[in-house]
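J.: What follows is a structure written as structure tokens; I'll ask about it next.
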There are 6 protein chains.
Amino acid sequence: MRVLYLVPAPMSKGPMGAKEMLRRQALLNSWAFPGTEITVADTEDGPFSIESAYEEMLSIPGALKGIQRAEADGYDAVIIGCFGDPGLEAAREIVSIPVIGPGEASLLLAAGLGHRFSVVTILDNVVASQELQAYKAGVKDKLASVVPTNIPVLELMADPAASLGRVVELGQHAITNHRADTLVLGCMTMSFLDVADEVARTLRVPVINAAKAALKAAEAQVAMGLSHSKKAFPFPPKQEPVSPIGSA
Amino acid sequence: MRVLYLVPAPMSKGPMGAKEMLRRQALLNSWAFPGTEITVADTEDGPFSIESAYEEMLSIPGALKGIQRAEADGYDAVIIGCFGDPGLEAAREIVSIPVIGPGEASLLLAAGLGHRFSVVTILDNVVASQELQAYKAGVKDKLASVVPTNIPVLELMADPAASLGRVVELGQHAITNHRADTLVLGCMTMSFLDVADEVARTLRVPVINAAKAALKAAEAQVAMGLSHSKKAFPFPPKQEPVSPIGSA
Amino acid sequence: MRVLYLVPAPMSKGPMGAKEMLRRQALLNSWAFPGTEITVADTEDGPFSIESAYEEMLSIPGALKGIQRAEADGYDAVIIGCFGDPGLEAAREIVSIPVIGPGEASLLLAAGLGHRFSVVTILDNVVASQELQAYKAGVKDKLASVVPTNIPVLELMADPAASLGRVVELGQHAITNHRADTLVLGCMTMSFLDVADEVARTLRVPVINAAKAALKAAEAQVAMGLSHSKKAFPFPPKQEPVSPIGSA
Amino acid sequence: MRVLYLVPAPMSKGPMGAKEMLRRQALLNSWAFPGTEITVADTEDGPFSIESAYEEMLSIPGALKGIQRAEADGYDAVIIGCFGDPGLEAAREIVSIPVIGPGEASLLLAAGLGHRFSVVTILDNVVASQELQAYKAGVKDKLASVVPTNIPVLELMADPAASLGRVVELGQHAITNHRADTLVLGCMTMSFLDVADEVARTLRVPVINAAKAALKAAEAQVAMGLSHSKKAFPFPPKQEPVSPIGSA
Amino acid sequence: MRVLYLVPAPMSKGPMGAKEMLRRQALLNSWAFPGTEITVADTEDGPFSIESAYEEMLSIPGALKGIQRAEADGYDAVIIGCFGDPGLEAAREIVSIPVIGPGEASLLLAAGLGHRFSVVTILDNVVASQELQAYKAGVKDKLASVVPTNIPVLELMADPAASLGRVVELGQHAITNHRADTLVLGCMTMSFLDVADEVARTLRVPVINAAKAALKAAEAQVAMGLSHSKKAFPFPPKQEPVSPIGSA
Amino acid sequence: MRVLYLVPAPMSKGPMGAKEMLRRQALLNSWAFPGTEITVADTEDGPFSIESAYEEMLSIPGALKGIQRAEADGYDAVIIGCFGDPGLEAAREIVSIPVIGPGEASLLLAAGLGHRFSVVTILDNVVASQELQAYKAGVKDKLASVVPTNIPVLELMADPAASLGRVVELGQHAITNHRADTLVLGCMTMSFLDVADEVARTLRVPVINAAKAALKAAEAQVAMGLSHSKKAFPFPPKQEPVSPIGSA
């Protein structure tokens with residue numbers, strides 16, 4: 001199967017660049033089941049990182065174009081490459097192939113591993129929106145807390161060891177004070193640091209890499225012949241199912 | 001006080017046109033307290049109506065520009081002219097003046113009038129998103145149902161009498177079958193048909209005109225010196241509070 | 001419009017006296033929209049302040065008489081002058097004009113300003129009843145906490161500066177420890193100290209004056225031609241809608 | 001032990017009269033464990049029956065006097081003789097002996113017999129307040145429905161056979177349509193018709209007589225040396241624990 | 001009435017032995033209403049104590065046999081002698097007489113005494129399952145916390161004074177930090193130490209002895225002619241209602 | 001990876017026999033990703049099918065033995081072959097490898113495909129327990145309904161076409177009346193009829209085959225190096241992590 005991992009940002013033009021996209025593509029392919037091929041792509045414009053609702057809203061129109069094109073190009077599934085799942089409902093309206101949000105996929109996976117999970121995220125100002133994600137995924141009752149590292153996305157990779165230390169510290173805080181028994185890394189950059197296993201060994205609880213979780217969700221849906229419900233996410237009434245966005 | 005009612009669509013270029021904008025502006029001013037002046041404006045581009053998450057996402061970037069400009073132009077408050085409150089969180093992040101969503105304002109008003117309210121809306125495919133609005137407003141427990149007329153926005157005004165009849169029929173259905181004791185008209189076009197009072201007289205329950213509800217919420221916040229919490233909706237980290245969008 | 005602010009206590013005979021009633025009347029009128037005239041009245045008997053369910057129950061029969069008389073006297077709306085909204089449901093049963101509870105009005109207003117609000121209240125023993133108010137208003141999910149100053153109502157005005165300091169301290173506690181982003185002053189005496197704006201400036205979150213919130217809710221309902229749902233609050237079966245209490 | 005069953009209405013002066021009080025006293029004593037003695041008393045004034053929040057509020061001050069006197073007279077527990085539990089919180093504030101609300105006692109008993117229970121009640125306009133009772137008791141999640149017979153309290157006894165038929169019919173409706181597996185008779189007059197067992201035999205589900213449920217709750221609390229938590233229901237701050245109401 | 005208190009463990013063969021069973025039988029009979037006779041029995045095999053889901057599952061088949069035999073032997077009700085209520089649903093399926101779980105009975109009793117209760121339990125690893133019990137009983141909303149003493153069941157009786165001290169300490173913690181106003185002793189061994197009254201005197205909140213609570217629930221159901229709903233707990237489809245387990 | 005699919009029943013000795021086990025094993029292997037090898041095994045004793053809590057409890061001890069043996073035998077994961085997930089918590093306590101419950105896996109998968117899902121199940125008397133499963137999985141808010149076919153497990157395979165027809169009929173009922181947008185086949189025998197895709201084509205909503213869902217969950221957890229949290233499901237205190245059940 002062919003899966004598109006779409007970064008909803010012009011990453012190739014930004015500080016992380018095309019090199020980081022290739023690194024992520026290699027990692028994703030190394031995590032895949034035999035027979036899965038993942039391509040990483042980005043959008044033409046929009047903010048370089050998403051750390052607010054405002055940036056999320058600006059990133060969505062470009063991402064929607066990319067998702068519609070992916071279906072036209074014959075991809076079997078698309079992963080929206082941001083933990084906040086920007087534009088997930090809208091994307092599911094305009095295509096029939098599975099559209100996977102790493103946030104939703106991680107939260108649902110976490111719900112099956114224990115009683116209470118916490119999300120280790122980037123900044124204070126995404127806490128409320130990640131709580132809303134848990135509600136939308138249907139698993140708010142199992143959310144112990146969202147704990148922010150307060151390290152901006154673009155700085156996370158500058159000092160990976162420091163980032164790891166901060167993640168461990170906050171994870172321990174969530175375990176001790178919020179009774180979390182499972183952790184989710186709530187940021188794709190954090191996930192592609194590929195430190196989940198190390199955090200898990202240190203804290204002795206399962207730690208979910210959101211990129212892997214999204215990949216496994218995509219592979220499962222495609223393998224099972226499933227996709228999101230078109231009754232839940234119907235085609236927009238003024239849009240013919242077959243028409244591409246550009247021609248409307 | 002000066003309030004901007006921003007239609008998040010290029011209404012002046014669409015089938016309803018600038019004439020309808022002026023009609024709405026006159027209605028809003030007729031509903032206002034003495035001393036309030038409302039201006040109706042629209043956006044430069046985007047879909048002509050919002051009947052799906054997809055269209056909502058496409059409408060938001062233009063709306064955000066208009067809201068940021070409104071603050072720069074000295075307006076005391078902005079109303080987003082769509083019941084779905086598109087971009088509400090993002091807008092509150094980028095400005096300090098009150099940003100009112102007619103959906104949120106109507107649902108909170110309805111919660112104070114009875115035990116259970118229903119929303120009479122346009123199409124099936126906004127039911128789930130309006131349920132989510134009730135959750136986000138914090139009043140999901142009082143939501144009896146969302147009942148769709150299945151009359152598209154742009155046809156609502158073509159036959160106002162038929163639309164009124166359909167609203168009455170669905171309202172009665174919600175009262176009888178879902179135990180609603182209060183109704184909300186969940187669409188601005190429906191609200192500007194100005195039929196809420198007639199529906200209320202027929203069904204003998206309060207019926208909320210979402211445009212009026214938004215106006216009264218804006219007037220109340222400005223008069224009380226209140227606005228949304230910047231702790232809840234902080235400025236985006238990468239954006240200086242004073243910089244306009246266009247210059248970023 | 002004419003609005004009655006009814007203190008559900010014999011305030012004119014008590015320690016605060018008629019002078020305080022006139023002071024409150026002046027404040028309310030200074031906060032009103034042009035065209036609104038507020039009268040402050042009290043009841044003939046009952047406890048001087050309400051700091052328990054017991055005192056609340058004793059205050060209600062007198063308040064109900066006053067509310068019924070207000071409708072007969074042609075008032076357009078009544079505000080029950082106690083944050084606990086004593087007798088709100090019963091009052092709405094016996095009259096058709098809007099009956100506003102400052103607690104309910106403040107909680108619904110707070111729900112529209114952020115994600116989580118706290119109520120700064122008087123004594124420990126009203127915490128549970130104010131949590132119940134949040135449930136009855138429909139916004140319990142957004143209630144971060146109720147934090148008591150443990151300063152009795154009748155002492156609040158003795159040392160306003162100390163009271164202000166205590167409110168600021170507790171508000172900060174709720175912001176830091178309960179993740180509140182919005183505050184409500186949960187006591188009318190506290191509200192009429194008129195310190196909400198100063199607390200807001202200090203803590204940098206919106207702070208709601210419950211007296212103002214009630215006034216704005218009354219003005220909005222009257223201006224919109226709305227009142228509580230008589231389907232939710234029907235006339236008592238054994239009482240004719242037109243009969244005053246005194247003649248029953 | 002000595003238990004006072006206090007009718008919060010001047011029943012001896014009303015249409016049912018002292019004779020009905022004696023009949024109820026005899027029934028209660030026939031249901032008691034050996035060693036329990038129940039006295040039935042009424043209040044001096046207030047409405048003859050409680051079918052609205054308004055009447056409930058008018059009945060409470062008299063009931064509170066009676067409950068305070070009961071403690072002074074050495075009773076071991078008091079049952080408030082109305083399914084709506086009028087004044088329950090206030091009563092628990094002013095005394096230390098157990099105060100039992102038949103509504104609360106029945107709902108908690110029902111929660112232990114199955115997954116979902118329905119309350120068969122009198123009139124439409126108590127449905128919302130009985131739903132609130134279920135919330136206050138803590139068992140709202142198990143409440144399948146409140147179904148009203150729409151037979152006023154004072155007519156229930158006029159035609160017991162018809163009343164029984166109506167209860168059976170509504171109980172069946174709740175079982176079939178609301179998936180109730182347990183029923184509660186939500187009115188004391190209904191309970192003292194003593195038809196619960198016959199309804200249970202007909203519908204083959206447990207049916208709770210609220211008067212019996214209250215009695216058994218009172219007996220259990222007294223036998224266990226328990227009463228309501230004074231931390232939850234503290235003495236009113238302005239009232240000395242030992243002072244009777246009349247002397248305040 | 002005759003009530004069987006069935007310990008779901010081979011207690012007579014274990015460290016506590018038959019002597020402890022007789023001590024418990026004497027205590028139970030001392031707590032009973034006149035006319036109630038309680039017999040304590042145990043099972044033939046299974047773990048000696050239940051401190052995990054695993055041990056709970058191993059204890060249930062033996063307990064179910066004992067419960068079915070109790071009905072055949074003419075008992076009026078059975079109490080499952082473990083706070084975790086092992087096998088409660090299954091037991092209710094196979095018999096018609098009341099089957100009382102001390103956990104469920106205690107939680108429902110606690111819900112009627114205050115606003116928020118905490119359970120003082122044994123080990124960390126039953127916290128999640130006791131939270132689930134509160135959900136199943138229908139009273140999760142009133143559960144303030146489950147606080148574990150981390151003293152294993154079989155050590156509790158070795159040093160009763162130390163156990164009492166630990167219970168008081170944790171109870172105070174729950175009152176101060178979790179706002180509990182009522183406590184439940186969440187372990188039968190703890191309950192049969194008969195320290196609830198002393199803890200209550202020290203902490204000045206009601207403290208529930210789960211064994212007493214179960215006994216009073218059994219007595220109430222039998223006296224009222226009630227039992228669990230067979231609509232909620234129907235006979236297993238492949239089992240004739242009259243056939244004992246052994247003969248299947 | 002090697003996955004054990006453990007039927008918690010002595011299927012090889014029952015009416016379906018070893019042949020059906022081999023058929024299921026072949027199906028499972030046909031659904032697997034390359035590199036996954038599934039073995040189907042059964043237990044030595046217990047009921048032939050699980051259609052009640054009673055039968056579930058009897059099946060669990062045997063299943064736990066099998067699961068412990070699977071870990072000792074080097075399996076990478078175990079699937080409990082019953083939609084009711086019998087013994088899931090207990091199994092997770094005694095082993096470290098992933099233990100997958102098809103019910104939990106299906107419900108979490110369904111939560112990611114739409115807004116509301118229904119479970120098409122076998123008999124009336126598992127409805128309540130499947131609702132409890134949705135609560136335990138954390139996704140109760142998305143459960144639209146559980147609809148029973150009332151065809152016993154052992155008859156489902158006798159007339160597959162009739163079974164299919166009944167599933168379609170009930171699925172349509174859930175879509176139309178309960179607003180389900182996604183369906184789950186809540187029984188393994190139903191899942192191994194392999195009709196999910198045909199039902200999906202007919203009803204035009206996603207339909208989840210619980211056996212496939214469990215397999216994909218097992219493959220994902222093993223591939224990601226994850227398993228259930230041992231903080232949530234700790235080893236039983238009296239059991240050394242390495243000791244097999246048989247030797248205790």
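Going through the structure tokens in order, the chains are called A, B, and so on, while each chain numbers its residues from 1 and the ligands are numbered from 1 in the order shown.
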With a cut-off of 12 Å and counting only C-alpha atoms, select all residues of chain A in contact with chain E and give the selection as a PDB file with C-alpha atoms, in the first residue's frame.

T.:
```
ATOM      1  CA  GLY A 114      -4.176   1.512  30.483  1.00  0.00           C
ATOM      2  CA  HIS A 115      -6.664   3.441  32.565  1.00  0.00           C
ATOM      3  CA  ARG A 116      -5.326   6.990  32.318  1.00  0.00           C
ATOM      4  CA  LYS A 142      -9.138   8.570  30.175  1.00  0.00           C
ATOM      5  CA  ARG A 179      -1.946   9.146  38.051  1.00  0.00           C
ATOM      6  CA  ALA A 180      -1.070   8.634  34.376  1.00  0.00           C
ATOM      7  CA  ASP A 181      -0.105   5.052  33.512  1.00  0.00           C
TER       8      ASP A 181
END
```

J.: Residues at most 8 Å from range 40-51 of chain D, counting only C-alpha atoms, excluding those fewer than 6 positions away in the same chain, as a list of chain:residue names?

T.: C:Pro236, C:Pro237, D:Leu4, D:Tyr5, D:Leu6, D:Val7, D:Pro8, D:Ala9, D:Pro10, D:Met11, D:Ser12, D:Gly14, D:Met21, D:Leu22, D:Arg24, D:Gln25, D:Leu58, D:Ser59, D:Gly62, D:Ala63, D:Gly66, D:Cys82, D:Leu123, D:Asn125, D:Val126, D:Pro152, D:Val153, D:Leu154

J.: Name all residues at most 8 Å from Asp85 in chain B (count only C-alpha atoms; drop same-chain ones fewer than 2 positions away) and give them as a list in words.

T.: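 Returned residues: Ile80, Gly81, Cys82, Phe83, Gly87, Leu88, Gly101, Pro102, Gly103 and Glu104 of chain B.
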
J.: Excluding Ala137 in chain F and residues on its chain fewer than 4 positions from it, collect all residues at most 12 Å away from it, counting only C-alpha atoms, and give them as an MDAnalysis selection string.

T.: (chainID A and resid 107:116 138:142) or (chainID E and resid 132) or (chainID F and resid 84:85 88:89 100:111 130:133 141:143)

J.: What is the distance between CA of Glu198 in chain F and CA of Val184 in chain F, in Å to one decimal?

T.: 13.2 Å

J.: According to DSSP computed on the backbone, where in range 4-244 of chain A is there strand (DSSP E or B)? Give the residues as a ChimeraX atom specification.

T.: /A:4-7,37-42,77-80,99-100,117-121,143-148,182-185,207-209

J.: Could the residues in this selection be saved with N, CA and C atoms as a tab-separated table (two decimals), in the first residue's frame?

T.:
```tsv
chain	number	residue	atom	x	y	z
A	4	LEU	N	0.62	8.53	2.02
A	4	LEU	CA	1.23	9.85	1.99
A	4	LEU	C	1.24	10.44	3.40
A	5	TYR	N	2.44	10.86	3.82
A	5	TYR	CA	2.56	11.58	5.08
A	5	TYR	C	2.71	13.05	4.71
A	6	LEU	N	1.65	13.82	4.91
A	6	LEU	CA	1.65	15.21	4.46
A	6	LEU	C	1.93	16.16	5.62
A	7	VAL	N	3.07	16.82	5.57
A	7	VAL	CA	3.37	17.85	6.56
A	7	VAL	C	2.54	19.09	6.19
A	37	GLU	N	4.60	1.53	1.57
A	37	GLU	CA	5.57	2.52	1.12
A	37	GLU	C	5.05	3.91	1.50
A	38	ILE	N	5.86	4.65	2.27
A	38	ILE	CA	5.42	5.98	2.73
A	38	ILE	C	6.21	7.07	2.03
A	39	THR	N	5.48	8.06	1.54
A	39	THR	CA	6.09	9.25	0.95
A	39	THR	C	5.81	10.44	1.86
A	40	VAL	N	6.82	11.26	2.10
A	40	VAL	CA	6.61	12.47	2.88
A	40	VAL	C	6.54	13.67	1.93
A	41	ALA	N	5.51	14.47	2.07
A	41	ALA	CA	5.38	15.68	1.25
A	41	ALA	C	5.02	16.85	2.16
A	42	ASP	N	5.13	18.05	1.63
A	42	ASP	CA	4.73	19.22	2.42
A	42	ASP	C	3.77	20.08	1.61
A	77	ALA	N	-3.90	6.00	1.57
A	77	ALA	CA	-4.24	6.68	2.81
A	77	ALA	C	-3.34	7.90	2.96
A	78	VAL	N	-3.80	8.85	3.74
A	78	VAL	CA	-3.01	10.06	4.02
A	78	VAL	C	-2.91	10.24	5.53
A	79	ILE	N	-1.72	10.59	5.98
A	79	ILE	CA	-1.52	11.00	7.37
A	79	ILE	C	-1.27	12.50	7.38
A	80	ILE	N	-2.04	13.22	8.22
A	80	ILE	CA	-1.80	14.65	8.38
A	80	ILE	C	-0.67	14.80	9.38
A	99	VAL	N	-8.06	9.15	6.12
A	99	VAL	CA	-7.24	10.29	6.53
A	99	VAL	C	-6.97	10.11	8.01
A	100	ILE	N	-5.70	9.99	8.35
A	100	ILE	CA	-5.33	9.67	9.74
A	100	ILE	C	-4.77	10.91	10.41
A	117	PHE	N	-4.12	8.22	30.61
A	117	PHE	CA	-2.90	8.60	29.90
A	117	PHE	C	-2.71	10.12	29.96
A	118	SER	N	-1.47	10.54	29.84
A	118	SER	CA	-1.15	11.96	29.74
A	118	SER	C	-0.45	12.23	28.42
A	119	VAL	N	-0.62	13.43	27.93
A	119	VAL	CA	0.04	13.86	26.71
A	119	VAL	C	1.15	14.84	27.09
A	120	VAL	N	2.37	14.53	26.68
A	120	VAL	CA	3.47	15.48	26.87
A	120	VAL	C	3.54	16.31	25.59
A	121	THR	N	3.28	17.59	25.74
A	121	THR	CA	3.14	18.43	24.55
A	121	THR	C	4.15	19.57	24.57
A	143	LEU	N	-8.21	10.79	29.81
A	143	LEU	CA	-7.12	11.76	29.75
A	143	LEU	C	-6.78	12.23	31.15
A	144	ALA	N	-5.58	11.89	31.64
A	144	ALA	CA	-5.17	12.32	32.97
A	144	ALA	C	-4.74	13.78	32.95
A	145	SER	N	-3.99	14.18	31.93
A	145	SER	CA	-3.52	15.56	31.84
A	145	SER	C	-2.81	15.79	30.52
A	146	VAL	N	-2.64	17.05	30.19
A	146	VAL	CA	-1.76	17.46	29.09
A	146	VAL	C	-0.68	18.31	29.74
A	147	VAL	N	0.56	17.89	29.62
A	147	VAL	CA	1.65	18.61	30.30
A	147	VAL	C	2.60	19.19	29.25
A	148	PRO	N	2.80	20.51	29.28
A	148	PRO	CA	3.63	21.16	28.25
A	148	PRO	C	5.08	21.30	28.67
A	182	THR	N	0.17	5.76	31.22
A	182	THR	CA	0.57	5.66	29.81
A	182	THR	C	0.85	7.08	29.34
A	183	LEU	N	1.83	7.24	28.45
A	183	LEU	CA	2.16	8.58	27.95
A	183	LEU	C	2.06	8.65	26.43
A	184	VAL	N	1.74	9.82	25.94
A	184	VAL	CA	1.72	10.10	24.51
A	184	VAL	C	2.62	11.30	24.25
A	185	LEU	N	3.48	11.20	23.25
A	185	LEU	CA	4.29	12.35	22.87
A	185	LEU	C	3.46	13.19	21.91
A	207	VAL	N	5.00	4.44	26.18
A	207	VAL	CA	5.11	5.80	25.65
A	207	VAL	C	4.86	5.72	24.15
A	208	ILE	N	3.91	6.51	23.68
A	208	ILE	CA	3.48	6.39	22.28
A	208	ILE	C	4.16	7.44	21.41
A	209	ASN	N	4.79	6.99	20.37
A	209	ASN	CA	5.34	7.81	19.30
A	209	ASN	C	4.19	8.07	18.33
```

J.: Can you list, as a PyMOL selection string, every protein, DNA or RNA residue that comes within 6 Å of Glu93 in chain E when you count only C-alpha atoms, leaving out same-chain residues fewer than 6 positions away?

T.: chain E and resi 233-235

J.: Could you name the residues that touch Ala32 in chain A at 12 Å or less, counting only C-alpha atoms, but leaving out those on the same chain fewer than 4 positions away, as an MDAnalysis selection string?

T.: (chainID A and resid 1:3 25:28 36:39 211:220) or (chainID F and resid 33:34 219:220 223:224)

J.: Can you list, as a count of residues only, every residue of range 1-207 of chain C that DSSP puts in helix (DSSP H, G or I)?

T.: 108

J.: How far is it from CA of Met190 in chain D to CA of Ser52 in chain D, in Å with one decimal?

T.: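 For CA of Met190 in chain D relative to CA of Ser52 in chain D, the distance reads 17.0 Å.
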